[in-house]
>>> print(open('input.txt').read())   # compact mmCIF, C-alpha atoms and all ligand atoms
# COMPACT_ATOMS: atom_id res chain seq x y z
CA MET A 1 -25.71 10.97 -4.45
CA ALA A 2 -25.02 13.91 -6.79
CA GLN A 3 -23.01 13.17 -9.91
CA ARG A 4 -19.37 13.99 -9.27
CA THR A 5 -16.81 14.87 -11.91
CA VAL A 6 -13.56 13.00 -11.40
CA HIS A 7 -10.28 14.41 -12.62
CA PHE A 8 -7.45 12.00 -13.34
CA PRO A 9 -3.94 13.28 -13.95
CA THR A 10 -3.48 13.94 -17.66
CA THR A 11 -0.22 12.02 -17.84
CA PHE A 12 0.89 8.61 -16.54
CA SER A 13 1.83 8.98 -12.86
CA TRP A 14 5.30 7.83 -11.86
CA GLY A 15 6.06 7.63 -8.21
CA THR A 16 7.13 5.79 -5.14
CA SER A 17 4.90 4.52 -2.40
CA THR A 18 5.23 4.84 1.38
CA SER A 19 3.07 4.63 4.49
CA ALA A 20 2.92 6.84 7.57
CA TYR A 21 3.76 4.26 10.23
CA GLN A 22 6.66 2.83 8.25
CA ILE A 23 8.48 6.13 7.71
CA GLU A 24 7.20 8.85 10.06
CA GLY A 25 8.31 7.49 13.42
CA GLY A 26 6.54 7.92 16.74
CA GLY A 27 3.30 6.13 15.89
CA THR A 28 2.79 5.54 19.59
CA ASN A 29 -1.00 5.58 19.72
CA THR A 30 -1.44 2.50 17.49
CA ASP A 31 -2.04 -1.22 17.81
CA TRP A 32 1.28 -1.89 16.06
CA TRP A 33 3.31 0.14 18.55
CA ARG A 34 1.77 -1.91 21.36
CA PHE A 35 2.18 -5.21 19.48
CA GLU A 36 5.92 -4.58 19.03
CA ARG A 37 6.31 -4.16 22.81
CA ALA A 38 4.08 -7.00 24.00
CA PRO A 39 5.76 -9.78 26.00
CA ASN A 40 6.96 -12.55 23.65
CA THR A 41 6.03 -10.52 20.59
CA ILE A 42 6.92 -12.00 17.21
CA ALA A 43 7.87 -8.51 15.96
CA VAL A 44 11.64 -8.48 15.55
CA ASP A 45 12.12 -4.70 15.94
CA GLU A 46 10.38 -1.69 17.37
CA CYS A 47 9.41 0.92 14.80
CA GLY A 48 10.71 3.80 16.95
CA ASP A 49 11.66 6.84 14.91
CA ALA A 50 11.36 4.95 11.58
CA CYS A 51 12.87 7.28 8.94
CA ASP A 52 11.86 10.41 10.86
CA SER A 53 9.80 11.49 7.88
CA TRP A 54 7.38 13.28 10.20
CA ASN A 55 10.14 15.91 10.32
CA ARG A 56 12.00 15.18 7.09
CA TYR A 57 9.17 14.99 4.57
CA GLU A 58 10.51 17.89 2.53
CA GLU A 59 13.81 16.05 2.11
CA ASP A 60 11.85 13.02 0.90
CA LEU A 61 9.91 15.09 -1.62
CA ASP A 62 13.12 16.68 -2.88
CA LEU A 63 14.46 13.18 -3.59
CA LEU A 64 11.47 12.52 -5.83
CA ILE A 65 12.23 15.69 -7.76
CA GLU A 66 15.86 14.60 -8.07
CA PHE A 67 14.65 11.33 -9.63
CA GLY A 68 12.23 13.05 -12.02
CA LEU A 69 9.15 11.50 -10.40
CA ASP A 70 5.84 13.34 -10.42
CA SER A 71 3.79 11.49 -7.82
CA PHE A 72 4.11 10.35 -4.22
CA ARG A 73 1.96 7.87 -2.35
CA LEU A 74 1.84 8.56 1.37
CA SER A 75 -0.62 7.76 4.12
CA ILE A 76 -2.33 9.65 6.89
CA GLU A 77 -2.17 8.14 10.38
CA TRP A 78 -5.71 7.83 11.71
CA ALA A 79 -4.36 7.53 15.27
CA ARG A 80 -2.82 10.98 14.99
CA ILE A 81 -5.90 12.58 13.42
CA GLU A 82 -8.36 11.05 15.88
CA PRO A 83 -6.32 10.04 18.94
CA VAL A 84 -9.48 9.63 21.00
CA HIS A 85 -12.90 8.70 19.61
CA GLY A 86 -14.60 11.83 18.25
CA GLU A 87 -11.68 14.18 19.02
CA PHE A 88 -9.87 15.34 15.93
CA SER A 89 -6.42 16.88 16.28
CA SER A 90 -6.03 20.15 14.43
CA ASP A 91 -2.23 19.90 14.89
CA ALA A 92 -2.18 16.60 13.02
CA ILE A 93 -4.54 17.87 10.32
CA ASN A 94 -2.35 20.95 9.87
CA HIS A 95 0.75 18.80 9.63
CA TYR A 96 -0.69 16.71 6.81
CA ARG A 97 -1.96 19.86 5.10
CA ASP A 98 1.63 21.15 5.18
CA VAL A 99 2.83 17.89 3.63
CA LEU A 100 0.26 18.10 0.85
CA ILE A 101 1.05 21.74 0.18
CA ALA A 102 4.76 20.83 0.07
CA CYS A 103 3.83 18.31 -2.66
CA LYS A 104 1.87 20.93 -4.57
CA LEU A 105 4.75 23.43 -4.40
CA ARG A 106 6.92 20.81 -6.10
CA SER A 107 4.22 19.80 -8.62
CA ILE A 108 4.11 16.34 -7.07
CA LEU A 109 0.76 14.58 -7.18
CA PRO A 110 -0.07 13.30 -3.69
CA VAL A 111 -1.73 9.88 -3.64
CA VAL A 112 -3.19 9.75 -0.16
CA THR A 113 -4.07 6.56 1.72
CA LEU A 114 -6.37 6.96 4.70
CA HIS A 115 -5.69 3.63 6.37
CA HIS A 116 -2.44 1.68 6.00
CA PHE A 117 -2.41 -1.26 8.43
CA THR A 118 -2.40 0.61 11.78
CA LEU A 119 -5.39 1.27 14.05
CA PRO A 120 -5.72 3.86 16.80
CA LEU A 121 -5.62 2.14 20.19
CA TRP A 122 -9.21 3.12 20.98
CA VAL A 123 -10.37 1.31 17.84
CA ALA A 124 -8.22 -1.77 18.47
CA ASP A 125 -9.49 -1.93 22.06
CA ALA A 126 -13.07 -1.79 20.82
CA GLY A 127 -12.58 -4.85 18.60
CA GLY A 128 -10.95 -3.31 15.51
CA PHE A 129 -12.28 -4.68 12.25
CA GLU A 130 -14.55 -7.11 14.07
CA ASN A 131 -16.68 -4.35 15.56
CA PRO A 132 -19.31 -3.26 12.99
CA ASP A 133 -19.07 0.29 14.36
CA ILE A 134 -15.73 0.60 12.59
CA VAL A 135 -17.59 1.24 9.34
CA GLY A 136 -19.09 4.44 10.76
CA TRP A 137 -15.86 5.42 12.52
CA LEU A 138 -13.85 5.14 9.32
CA ALA A 139 -16.51 7.05 7.41
CA ASP A 140 -16.41 9.86 10.00
CA TYR A 141 -12.63 9.98 9.76
CA ALA A 142 -12.78 10.00 5.96
CA ARG A 143 -15.34 12.82 6.05
CA VAL A 144 -13.01 14.93 8.20
CA ILE A 145 -10.06 14.25 5.89
CA GLY A 146 -12.17 15.03 2.84
CA HIS A 147 -13.39 18.35 4.26
CA GLU A 148 -10.07 19.44 5.71
CA LEU A 149 -7.65 18.19 3.08
CA GLY A 150 -9.72 17.22 0.04
CA GLU A 151 -8.71 20.22 -2.05
CA HIS A 152 -5.06 19.10 -1.79
CA ILE A 153 -5.54 15.38 -2.54
CA GLY A 154 -4.43 14.13 -5.96
CA ILE A 155 -5.77 10.58 -5.76
CA ALA A 156 -7.28 8.90 -2.68
CA CYS A 157 -6.86 5.33 -1.46
CA THR A 158 -9.28 4.28 1.28
CA ILE A 159 -7.85 1.15 2.96
CA ASN A 160 -4.46 -0.25 1.97
CA GLU A 161 -4.53 -3.98 1.25
CA PRO A 162 -7.56 -4.82 3.40
CA ASN A 163 -7.17 -8.45 2.33
CA ILE A 164 -3.66 -8.55 3.86
CA VAL A 165 -4.87 -6.99 7.12
CA ALA A 166 -7.52 -9.73 7.19
CA VAL A 167 -5.29 -12.66 6.27
CA MET A 168 -2.28 -11.67 8.39
CA GLY A 169 -4.31 -10.47 11.38
CA TYR A 170 -7.12 -13.03 11.44
CA LEU A 171 -5.96 -16.19 9.64
CA ILE A 172 -2.16 -16.43 9.82
CA GLY A 173 -1.87 -14.51 13.08
CA ALA A 174 1.32 -12.62 12.19
CA PHE A 175 -0.18 -9.11 12.48
CA PRO A 176 -2.24 -7.72 15.36
CA PRO A 177 -4.59 -8.95 16.73
CA GLN A 178 -2.93 -12.32 15.93
CA VAL A 179 -6.10 -14.36 15.44
CA GLN A 180 -6.06 -17.65 13.54
CA ASP A 181 -9.63 -18.37 12.57
CA HIS A 182 -11.01 -18.82 9.07
CA GLU A 183 -14.51 -17.60 9.87
CA ARG A 184 -13.24 -14.44 11.50
CA PHE A 185 -10.90 -13.85 8.53
CA VAL A 186 -13.84 -14.04 6.11
CA ALA A 187 -15.94 -11.78 8.35
CA VAL A 188 -13.18 -9.17 8.46
CA ASN A 189 -12.89 -9.20 4.66
CA THR A 190 -16.62 -8.52 4.47
CA MET A 191 -16.31 -5.69 6.98
CA MET A 192 -13.43 -4.22 4.99
CA ARG A 193 -15.54 -3.98 1.87
CA ARG A 194 -18.32 -2.26 3.77
CA ALA A 195 -15.85 0.14 5.35
CA HIS A 196 -14.31 0.93 1.97
CA VAL A 197 -17.67 1.86 0.43
CA ALA A 198 -18.58 4.00 3.45
CA MET A 199 -15.22 5.82 3.29
CA ARG A 200 -15.46 6.32 -0.46
CA ASP A 201 -18.94 7.78 -0.15
CA ALA A 202 -17.87 10.05 2.70
CA LEU A 203 -14.93 11.34 0.64
CA ARG A 204 -17.23 11.93 -2.31
CA GLU A 205 -19.31 14.28 -0.17
CA SER A 206 -16.31 16.53 0.39
CA SER A 207 -14.37 19.07 -1.61
CA GLY A 208 -12.08 18.01 -4.46
CA SER A 209 -12.57 15.99 -7.61
CA TYR A 210 -9.85 13.42 -7.06
CA PRO A 211 -10.30 9.76 -8.03
CA ILE A 212 -11.01 7.37 -5.14
CA GLY A 213 -10.14 3.68 -5.03
CA LEU A 214 -8.71 0.82 -3.01
CA PRO A 215 -5.21 -0.65 -3.29
CA LEU A 216 -5.67 -4.42 -3.34
CA SER A 217 -2.90 -6.93 -2.68
CA MET A 218 -2.80 -9.28 -5.65
CA GLN A 219 -0.49 -12.15 -6.47
CA GLU A 220 0.09 -14.36 -9.42
CA TYR A 221 -1.51 -17.66 -8.36
CA GLU A 222 -0.36 -21.01 -9.70
CA ALA A 223 -2.17 -24.24 -8.90
CA LEU A 224 0.02 -27.31 -8.61
CA PRO A 225 -1.60 -30.64 -9.46
CA GLY A 226 -4.40 -31.28 -7.00
CA GLY A 227 -4.37 -27.67 -5.77
CA GLU A 228 -6.77 -26.21 -8.33
CA GLU A 229 -9.88 -26.07 -6.19
CA ARG A 230 -8.02 -24.68 -3.22
CA MET A 231 -6.36 -22.05 -5.38
CA HIS A 232 -9.71 -20.89 -6.75
CA SER A 233 -11.32 -20.59 -3.34
CA MET A 234 -8.30 -18.75 -1.86
CA ARG A 235 -8.14 -16.34 -4.73
CA GLU A 236 -11.85 -15.77 -4.63
CA GLU A 237 -11.69 -14.73 -0.97
CA MET A 238 -8.48 -12.71 -1.33
CA GLU A 239 -9.12 -10.98 -4.66
CA ASP A 240 -12.26 -11.73 -6.65
CA LYS A 241 -14.79 -10.66 -4.04
CA TYR A 242 -12.96 -7.36 -3.76
CA LEU A 243 -12.60 -6.77 -7.49
CA VAL A 244 -16.34 -7.28 -7.88
CA ALA A 245 -17.13 -4.97 -4.96
CA LEU A 246 -15.02 -2.11 -6.35
CA GLU A 247 -17.09 -1.52 -9.47
CA ASP A 248 -18.38 1.88 -8.33
CA ASP A 249 -14.89 3.19 -7.55
CA ASP A 250 -12.95 5.52 -9.82
CA TYR A 251 -9.96 3.21 -10.31
CA VAL A 252 -8.53 -0.08 -9.06
CA GLY A 253 -5.20 -0.12 -7.22
CA VAL A 254 -3.08 -3.21 -7.92
CA GLN A 255 -0.24 -4.12 -5.54
CA CYS A 256 1.90 -7.15 -6.26
CA TYR A 257 5.26 -8.62 -5.35
CA THR A 258 5.38 -12.29 -6.28
CA LYS A 259 3.75 -15.53 -7.36
CA ILE A 260 2.43 -18.13 -4.94
CA GLN A 261 1.93 -21.80 -5.66
CA ILE A 262 -0.98 -23.70 -4.19
CA GLY A 263 -0.92 -27.45 -3.71
CA PRO A 264 -3.58 -29.75 -2.27
CA ASP A 265 -2.54 -28.70 1.27
CA GLY A 266 -2.43 -24.97 0.61
CA VAL A 267 0.39 -22.50 -0.09
CA VAL A 268 3.66 -24.27 -0.92
CA LEU A 269 6.49 -22.85 1.19
CA ASP A 270 9.26 -25.09 -0.01
CA PHE A 271 9.66 -24.12 -3.66
CA PRO A 272 12.62 -23.99 -6.03
CA GLY A 273 13.83 -20.75 -7.64
CA GLU A 274 15.39 -17.42 -6.72
CA ARG A 275 14.06 -15.86 -3.51
CA THR A 276 13.88 -12.34 -2.18
CA GLU A 277 14.74 -11.22 1.37
CA MET A 278 11.08 -11.69 2.29
CA GLY A 279 11.34 -15.35 1.34
CA TYR A 280 9.12 -14.65 -1.67
CA LEU A 281 9.75 -16.16 -5.07
CA TYR A 282 11.56 -13.62 -7.27
CA TRP A 283 8.76 -13.00 -9.77
CA PRO A 284 8.63 -9.59 -11.46
CA GLN A 285 6.21 -11.08 -14.01
CA CYS A 286 3.51 -10.61 -11.36
CA VAL A 287 2.97 -7.01 -12.48
CA GLU A 288 1.87 -8.07 -15.94
CA SER A 289 -0.23 -10.99 -14.73
CA THR A 290 -2.04 -9.15 -11.93
CA VAL A 291 -2.78 -6.09 -14.06
CA ARG A 292 -4.19 -8.38 -16.75
CA ARG A 293 -6.25 -10.25 -14.18
CA ALA A 294 -7.64 -7.05 -12.64
CA ALA A 295 -8.58 -5.93 -16.16
CA GLU A 296 -10.66 -9.10 -16.60
CA PHE A 297 -12.90 -7.87 -13.77
CA THR A 298 -13.05 -4.16 -14.43
CA THR A 299 -13.06 -1.51 -17.10
CA LEU A 300 -11.98 1.07 -14.52
CA PRO A 301 -8.52 2.60 -14.88
CA ILE A 302 -5.83 0.63 -13.07
CA ILE A 303 -2.99 2.10 -11.05
CA VAL A 304 -0.11 -0.07 -9.85
CA THR A 305 -0.06 1.48 -6.39
CA GLU A 306 2.78 -0.76 -5.12
CA ASN A 307 5.40 -3.04 -6.60
CA GLY A 308 8.98 -3.69 -5.61
CA ILE A 309 11.39 -6.09 -4.00
CA GLY A 310 12.92 -6.53 -0.57
CA THR A 311 16.61 -7.12 -1.22
CA ASN A 312 20.04 -6.13 0.00
CA ASP A 313 21.29 -6.63 -3.53
CA ASP A 314 20.53 -3.44 -5.42
CA GLU A 315 21.43 -5.07 -8.74
CA GLN A 316 18.72 -7.62 -8.08
CA ARG A 317 16.32 -4.71 -7.50
CA VAL A 318 17.22 -3.14 -10.85
CA ARG A 319 16.76 -6.47 -12.61
CA TYR A 320 13.40 -6.93 -10.90
CA LEU A 321 12.12 -3.44 -11.73
CA ASP A 322 13.33 -3.75 -15.31
CA GLU A 323 11.38 -6.98 -15.83
CA ALA A 324 8.36 -5.60 -14.00
CA LEU A 325 8.25 -2.51 -16.22
CA ARG A 326 8.62 -4.62 -19.37
CA GLY A 327 5.49 -6.49 -18.32
CA LEU A 328 3.72 -3.24 -17.53
CA ALA A 329 4.59 -1.88 -21.00
CA ARG A 330 3.02 -4.98 -22.58
CA THR A 331 -0.25 -4.44 -20.73
CA ILE A 332 -0.35 -0.83 -21.89
CA ASP A 333 0.48 -1.82 -25.47
CA ASP A 334 -2.44 -4.23 -25.32
CA GLY A 335 -4.75 -1.36 -24.50
CA ILE A 336 -5.24 -1.89 -20.77
CA ASP A 337 -5.97 1.45 -19.15
CA VAL A 338 -3.07 1.71 -16.70
CA ARG A 339 -2.61 5.20 -15.29
CA GLY A 340 0.38 4.98 -13.00
CA TYR A 341 3.13 2.94 -11.35
CA PHE A 342 4.38 3.40 -7.80
CA GLN A 343 7.55 1.64 -6.78
CA TRP A 344 7.63 0.36 -3.19
CA SER A 345 9.45 2.05 -1.67
CA LEU A 346 11.26 5.37 -1.62
CA LEU A 347 13.14 4.58 1.61
CA ASP A 348 14.43 1.56 3.47
CA ASN A 349 11.72 1.54 6.11
CA PHE A 350 9.99 -0.42 8.87
CA GLU A 351 8.81 -3.70 7.36
CA TRP A 352 6.19 -4.60 9.97
CA THR A 353 6.85 -7.87 11.83
CA LEU A 354 10.21 -8.24 10.07
CA GLY A 355 11.45 -4.84 11.27
CA TYR A 356 14.32 -3.07 9.56
CA ALA A 357 16.02 -6.07 7.94
CA PRO A 358 14.23 -6.17 4.56
CA LYS A 359 15.38 -3.38 2.26
CA PHE A 360 12.70 -2.21 -0.15
CA GLY A 361 14.08 1.31 -0.68
CA ILE A 362 15.75 2.92 -3.65
CA VAL A 363 17.22 5.20 -0.98
CA SER A 364 18.99 3.89 2.11
CA VAL A 365 18.50 5.54 5.49
CA ASP A 366 21.16 5.65 8.18
CA ARG A 367 19.45 4.26 11.28
CA SER A 368 21.10 6.72 13.65
CA THR A 369 21.45 9.94 11.63
CA PHE A 370 18.51 9.33 9.22
CA GLU A 371 20.76 10.50 6.41
CA ARG A 372 19.28 9.49 3.05
CA THR A 373 21.57 8.04 0.37
CA PRO A 374 20.14 7.18 -3.05
CA LYS A 375 21.12 3.73 -4.31
CA PRO A 376 22.05 3.01 -7.94
CA SER A 377 18.49 1.69 -8.38
CA ALA A 378 17.19 5.23 -7.79
CA GLN A 379 19.26 6.50 -10.72
CA TRP A 380 18.13 3.52 -12.75
CA TYR A 381 14.47 4.24 -11.95
CA ALA A 382 14.92 7.89 -12.94
CA GLN A 383 16.27 6.80 -16.34
CA ALA A 384 13.57 4.16 -16.73
CA VAL A 385 10.81 6.68 -16.14
CA ALA A 386 12.35 8.99 -18.71
CA ASN A 387 12.54 6.15 -21.30
CA PHE A 388 9.21 4.45 -20.70
CA PRO A 389 7.66 2.75 -22.60
CA ASP A 390 9.95 2.86 -25.62
CA GLY A 391 12.96 1.58 -23.73
CA PHE A 392 10.93 -1.36 -22.45
CA ARG A 393 9.71 -2.89 -25.70
C1 LIG B 1 2.35 -3.17 2.15
C2 LIG B 1 3.55 -2.43 2.65
C3 LIG B 1 4.72 -3.37 2.80
C4 LIG B 1 5.04 -3.94 1.44
C5 LIG B 1 6.24 -4.87 1.39
C6 LIG B 1 2.64 -4.22 1.11
O1 LIG B 1 1.97 -5.38 1.47
O2 LIG B 1 1.34 -2.29 1.74
O3 LIG B 1 3.23 -1.78 3.84
O4 LIG B 1 5.83 -2.77 3.37
O5 LIG B 1 3.93 -4.67 0.97
O6 LIG B 1 6.05 -6.02 2.13
>>> encode(input="input.txt", output="C-alpha cells")
Amino acid sequence: MAQRTVHFPTTFSWGTSTSAYQIEGGGTNTDWWRFERAPNTIAVDECGDACDSWNRYEEDLDLLIEFGLDSFRLSIEWARIEPVHGEFSSDAINHYRDVLIACKLRSILPVVTLHHFTLPLWVADAGGFENPDIVGWLADYARVIGHELGEHIGIACTINEPNIVAVMGYLIGAFPPQVQDHERFVAVNTMMRRAHVAMRDALRESSGSYPIGLPLSMQEYEALPGGEERMHSMREEMEDKYLVALEDDDYVGVQCYTKIQIGPDGVVLDFPGERTEMGYLYWPQCVESTVRRAAEFTTLPIIVTENGIGTNDDEQRVRYLDEALRGLARTIDDGIDVRGYFQWSLLDNFEWTLGYAPKFGIVSVDRSTFERTPKPSAQWYAQAVANFPDGFR
C-alpha cells in the first residue's frame, strides 16, 4: 500500500464521546432494536427516540462550543448507510455529511466511529460476527464512508470496543446475540481483529489524511490471591491480543471506567468500596493505569476515547473526572504521548441493556421534550479543560 501521510490535530483534543444508536433515536433496522422488543428480553427499556440527536445534532454541537470543547466523538450507523446488503443510502450519507460539515463550521474536530455495537439486521441474520463474510462487508462499508465522507473526518475509529461486543454478546450473554460460549467468544475476538485491519486498510485507500485506530475497552485488573493466572489469561484475551494487533494503526484508543478484581473463580462481584450506578467500583485511577499499560505495548499516540461515570450524583461525577484528569496529567508529565481525552458522555443517553436509568451525561435530557440542560459537571469540565494540565498537578 502507498505511504500515507497522517495528520494529527496540532493541539490536545478535548471532547465528549457519543454513539449513534444511543443518542439519535429510531435505529429500527438494527439487532439492538429487535433485541429490546423480543419476548422476555433482558433489556429494561426500548431505545425509541433516544435523545433525538438525528434532528438535534446542531444543538449538541453548540453545547460543545459553550463548554469550550474542540472535538466530538460520534458514530455512523451502518444500518442506516447500508440498510440492505450492497445498497447504500444516499440520504443517510448526506445526513452524516451535514453533521460533519456542521462540526467543521464550528471548528470542532469530528472523531468518527464506524461501528458502535449495533449491526444491521441483514448482518445479524447472516450470523453477525461469526460469519467470516463480515470482514469483507465491513471493509466495503468503510470504503464507502472513506470515499464519501473521508475529507470531513478528523480522526477515525473502526470498531468501538470489539472486546466488549465479544464478551457481552458471546460469553456473558447480556448483549445480542446472547450466546454464552467461551470458544465462540474467542473466535469473535479473532474476527474483530481481522475486521478492524480490513476496515483500516479500506479507509486508508480513500480521501483524507486522518489518523485511524480502534477504541479498546480496558480496565485496571487486580488479581486477588489465587486469581493471578486467571487474571493474566482474561486480560490477554480482552486486551493484550488487541494491543499487539494494533501496531500498524495510527493511534490506540483507550476506554476505561473502573477496576475489576479477579479471584480464583473469576471476576469478584461482591467487593467493598464505593460503587457507581452501573455497579462498578468507583475507580477514576483507571485512566492513569490503563494509559500506562497501553503505553507498555505501543509507541503509537494514545487517545482516551472514552472515560466517565454513570451516576445520578453530579458531585460524584465531578470528583471522578477530577481524579481521572489528575492521573491523565501524570501520564503526560511522564512523557506518554497522549493526544486527547473524550468524556463519556455529552448527554444522558440510552445505556444499552440498562436503558435510561444510568446517567453518564454532563447534560441531562428531558425524556419527553428532549430539552437539554447542562449539569454543574459540564461547567466544571469547561473550567478543567481551560486549566489543564497546570490545575491538575
Ligand atoms: C461504550 C458505551 C457505553 C459506555 C458506558 C462503553 O463501553 O462504548 O456505548 O455507553 O461504555 O457504559
>>> atom_distance(input="input.txt", atom1="CA of Val318 (chain A)", atom2="CA of Ala384 (chain A)")
10.1 Å
>>> closest_residue(input="input.txt", among="A:Thr10, A:Thr353, A:Asn55, A:Ser71", to="Met168 (chain A)", atoms="all atoms listed in the file")
A:Thr353
>>> residues_around(input="input.txt", residues="Val267 (chain A)", least_positions_apart="6", cutoff="10 Å", atoms="all atoms listed in the file", output="list in words")
Tyr221, Glu222, Ala223, Leu224, Gly227, Arg230, Met231, Met234, Ile260 and Gln261 of chain A
>>> closest_residue(input="input.txt", among="A:Tyr210, A:Tyr96, A:Trp137, A:Tyr320", to="Phe8 (chain A)", atoms="only C-alpha atoms")
A:Tyr210
>>> closest_atom_pairs(input="input.txt", of="chain A", to="ligand LIG 1 (chain B)", cutoff="10 Å", atoms="all atoms listed in the file", output="Markdown table")
| residue | atom | partner | partner_atom | distance |
| --- | --- | --- | --- | --- |
| A:Ser17 | CA | B:LIG1 | C2 | 8.7 |
| A:Thr18 | CA | B:LIG1 | O3 | 7.3 |
| A:Ser19 | CA | B:LIG1 | O3 | 6.4 |
| A:Ala20 | CA | B:LIG1 | O3 | 9.4 |
| A:Tyr21 | CA | B:LIG1 | O3 | 8.8 |
| A:Gln22 | CA | B:LIG1 | O3 | 7.2 |
| A:His116 | CA | B:LIG1 | O2 | 6.9 |
| A:Phe117 | CA | B:LIG1 | O3 | 7.3 |
| A:Ile159 | CA | B:LIG1 | O2 | 9.9 |
| A:Asn160 | CA | B:LIG1 | O2 | 6.2 |
| A:Glu161 | CA | B:LIG1 | O2 | 6.1 |
| A:Pro162 | CA | B:LIG1 | O2 | 9.4 |
| A:Asn163 | CA | B:LIG1 | O1 | 9.7 |
| A:Ile164 | CA | B:LIG1 | O1 | 6.9 |
| A:Val165 | CA | B:LIG1 | O1 | 9.0 |
| A:Pro215 | CA | B:LIG1 | O2 | 8.4 |
| A:Leu216 | CA | B:LIG1 | O2 | 8.9 |
| A:Ser217 | CA | B:LIG1 | O1 | 6.6 |
| A:Met218 | CA | B:LIG1 | O1 | 9.4 |
| A:Gln255 | CA | B:LIG1 | C6 | 7.2 |
| A:Cys256 | CA | B:LIG1 | O5 | 7.9 |
| A:Tyr257 | CA | B:LIG1 | O5 | 7.6 |
| A:Met278 | CA | B:LIG1 | O6 | 7.6 |
| A:Tyr280 | CA | B:LIG1 | O6 | 9.9 |
| A:Thr305 | CA | B:LIG1 | O2 | 9.1 |
| A:Glu306 | CA | B:LIG1 | C6 | 7.1 |
| A:Asn307 | CA | B:LIG1 | O5 | 7.9 |
| A:Gly308 | CA | B:LIG1 | C5 | 7.6 |
| A:Ile309 | CA | B:LIG1 | C5 | 7.6 |
| A:Gly310 | CA | B:LIG1 | C5 | 7.2 |
| A:Trp344 | CA | B:LIG1 | C4 | 6.8 |
| A:Ser345 | CA | B:LIG1 | O4 | 7.9 |
| A:Asp348 | CA | B:LIG1 | O4 | 9.6 |
| A:Asn349 | CA | B:LIG1 | O4 | 7.8 |
| A:Phe350 | CA | B:LIG1 | O4 | 7.3 |
| A:Glu351 | CA | B:LIG1 | O4 | 5.1 |
| A:Trp352 | CA | B:LIG1 | O4 | 6.9 |
| A:Thr353 | CA | B:LIG1 | O6 | 9.9 |
| A:Leu354 | CA | B:LIG1 | O6 | 9.2 |
| A:Gly355 | CA | B:LIG1 | O4 | 9.9 |
| A:Pro358 | CA | B:LIG1 | O6 | 8.5 |
| A:Lys359 | CA | B:LIG1 | C5 | 9.3 |
| A:Phe360 | CA | B:LIG1 | C5 | 7.2 |
>>> write_last_selection(input="input.txt", atoms="C-alpha atoms", output="short mmCIF file (atom, residue, chain, number, x, y, z; two decimals), in the coordinates of the input")
data_model
loop_
_atom_site.label_atom_id
_atom_site.label_comp_id
_atom_site.auth_asym_id
_atom_site.auth_seq_id
_atom_site.Cartn_x
_atom_site.Cartn_y
_atom_site.Cartn_z
CA SER A 17 4.90 4.52 -2.40
CA THR A 18 5.23 4.84 1.38
CA SER A 19 3.07 4.63 4.49
CA ALA A 20 2.92 6.84 7.57
CA TYR A 21 3.76 4.26 10.23
CA GLN A 22 6.66 2.83 8.25
CA HIS A 116 -2.44 1.68 6.00
CA PHE A 117 -2.41 -1.26 8.43
CA ILE A 159 -7.85 1.15 2.96
CA ASN A 160 -4.46 -0.25 1.97
CA GLU A 161 -4.53 -3.98 1.25
CA PRO A 162 -7.56 -4.82 3.40
CA ASN A 163 -7.17 -8.45 2.33
CA ILE A 164 -3.66 -8.55 3.86
CA VAL A 165 -4.87 -6.99 7.12
CA PRO A 215 -5.21 -0.65 -3.29
CA LEU A 216 -5.67 -4.42 -3.34
CA SER A 217 -2.90 -6.93 -2.68
CA MET A 218 -2.80 -9.28 -5.65
CA GLN A 255 -0.24 -4.12 -5.54
CA CYS A 256 1.90 -7.15 -6.26
CA TYR A 257 5.26 -8.62 -5.35
CA MET A 278 11.08 -11.69 2.29
CA TYR A 280 9.12 -14.65 -1.67
CA THR A 305 -0.06 1.48 -6.39
CA GLU A 306 2.78 -0.76 -5.12
CA ASN A 307 5.40 -3.04 -6.60
CA GLY A 308 8.98 -3.69 -5.61
CA ILE A 309 11.39 -6.09 -4.00
CA GLY A 310 12.92 -6.53 -0.57
CA TRP A 344 7.63 0.36 -3.19
CA SER A 345 9.45 2.05 -1.67
CA ASP A 348 14.43 1.56 3.47
CA ASN A 349 11.72 1.54 6.11
CA PHE A 350 9.99 -0.42 8.87
CA GLU A 351 8.81 -3.70 7.36
CA TRP A 352 6.19 -4.60 9.97
CA THR A 353 6.85 -7.87 11.83
CA LEU A 354 10.21 -8.24 10.07
CA GLY A 355 11.45 -4.84 11.27
CA PRO A 358 14.23 -6.17 4.56
CA LYS A 359 15.38 -3.38 2.26
CA PHE A 360 12.70 -2.21 -0.15
#
>>> closest_residue(input="input.txt", among="A:Ser75, A:Thr158, A:Ser89, A:Asn189", to="Phe129 (chain A)", atoms="all atoms listed in the file")
A:Asn189
>>> closest_residue(input="input.txt", among="A:Trp54, A:Phe185, A:Phe388, A:Trp14", to="Gly68 (chain A)", atoms="all atoms listed in the file")
A:Trp14
>>> closest_residue(input="input.txt", among="A:Gly361, A:Pro211, A:Pro301, A:Pro110", to="Thr373 (chain A)", atoms="only C-alpha atoms")
A:Gly361
>>> residues_around(input="input.txt", residues="Phe72 (chain A)", least_positions_apart="6", cutoff="12 Å", atoms="only C-alpha atoms", output="ChimeraX atom specification")
/A:13-19,57-58,60-65,99-100,102-104,106-113,153-156,305-306,340-346
>>> atom_distance(input="input.txt", atom1="CA of Arg330 (chain A)", atom2="CA of Arg317 (chain A)")
20.1 Å
>>> axis_aligned_box(input="input.txt", around="region 70-86 of chain A", padding_each_side="4 Å", output="JSON")
{"center_x": -4.4, "center_y": 10.4, "center_z": 5.3, "size_x": 28.4, "size_y": 13.8, "size_z": 39.4}
>>> atom_distance(input="input.txt", atom1="CA of Pro120 (chain A)", atom2="CA of Phe88 (chain A)")
12.2 Å
>>> residues_around(input="input.txt", residues="Trp33 (chain A)", least_positions_apart="2", cutoff="10 Å", atoms="all atoms listed in the file", output="PyMOL selection string")
chain A and resi 21+26-31+35-38+46-48+118-121
>>> residues_around(input="input.txt", residues="Cys51 (chain A)", least_positions_apart="4", cutoff="8 Å", atoms="only C-alpha atoms", output="compact mmCIF listing (two decimals) with C-alpha atoms, in the frame of the given file")
# COMPACT_ATOMS: atom_id res chain seq x y z
CA GLN A 22 6.66 2.83 8.25
CA ILE A 23 8.48 6.13 7.71
CA GLU A 24 7.20 8.85 10.06
CA GLY A 25 8.31 7.49 13.42
CA LEU A 347 13.14 4.58 1.61
CA ASN A 349 11.72 1.54 6.11
CA VAL A 365 18.50 5.54 5.49
CA ARG A 367 19.45 4.26 11.28
CA PHE A 370 18.51 9.33 9.22
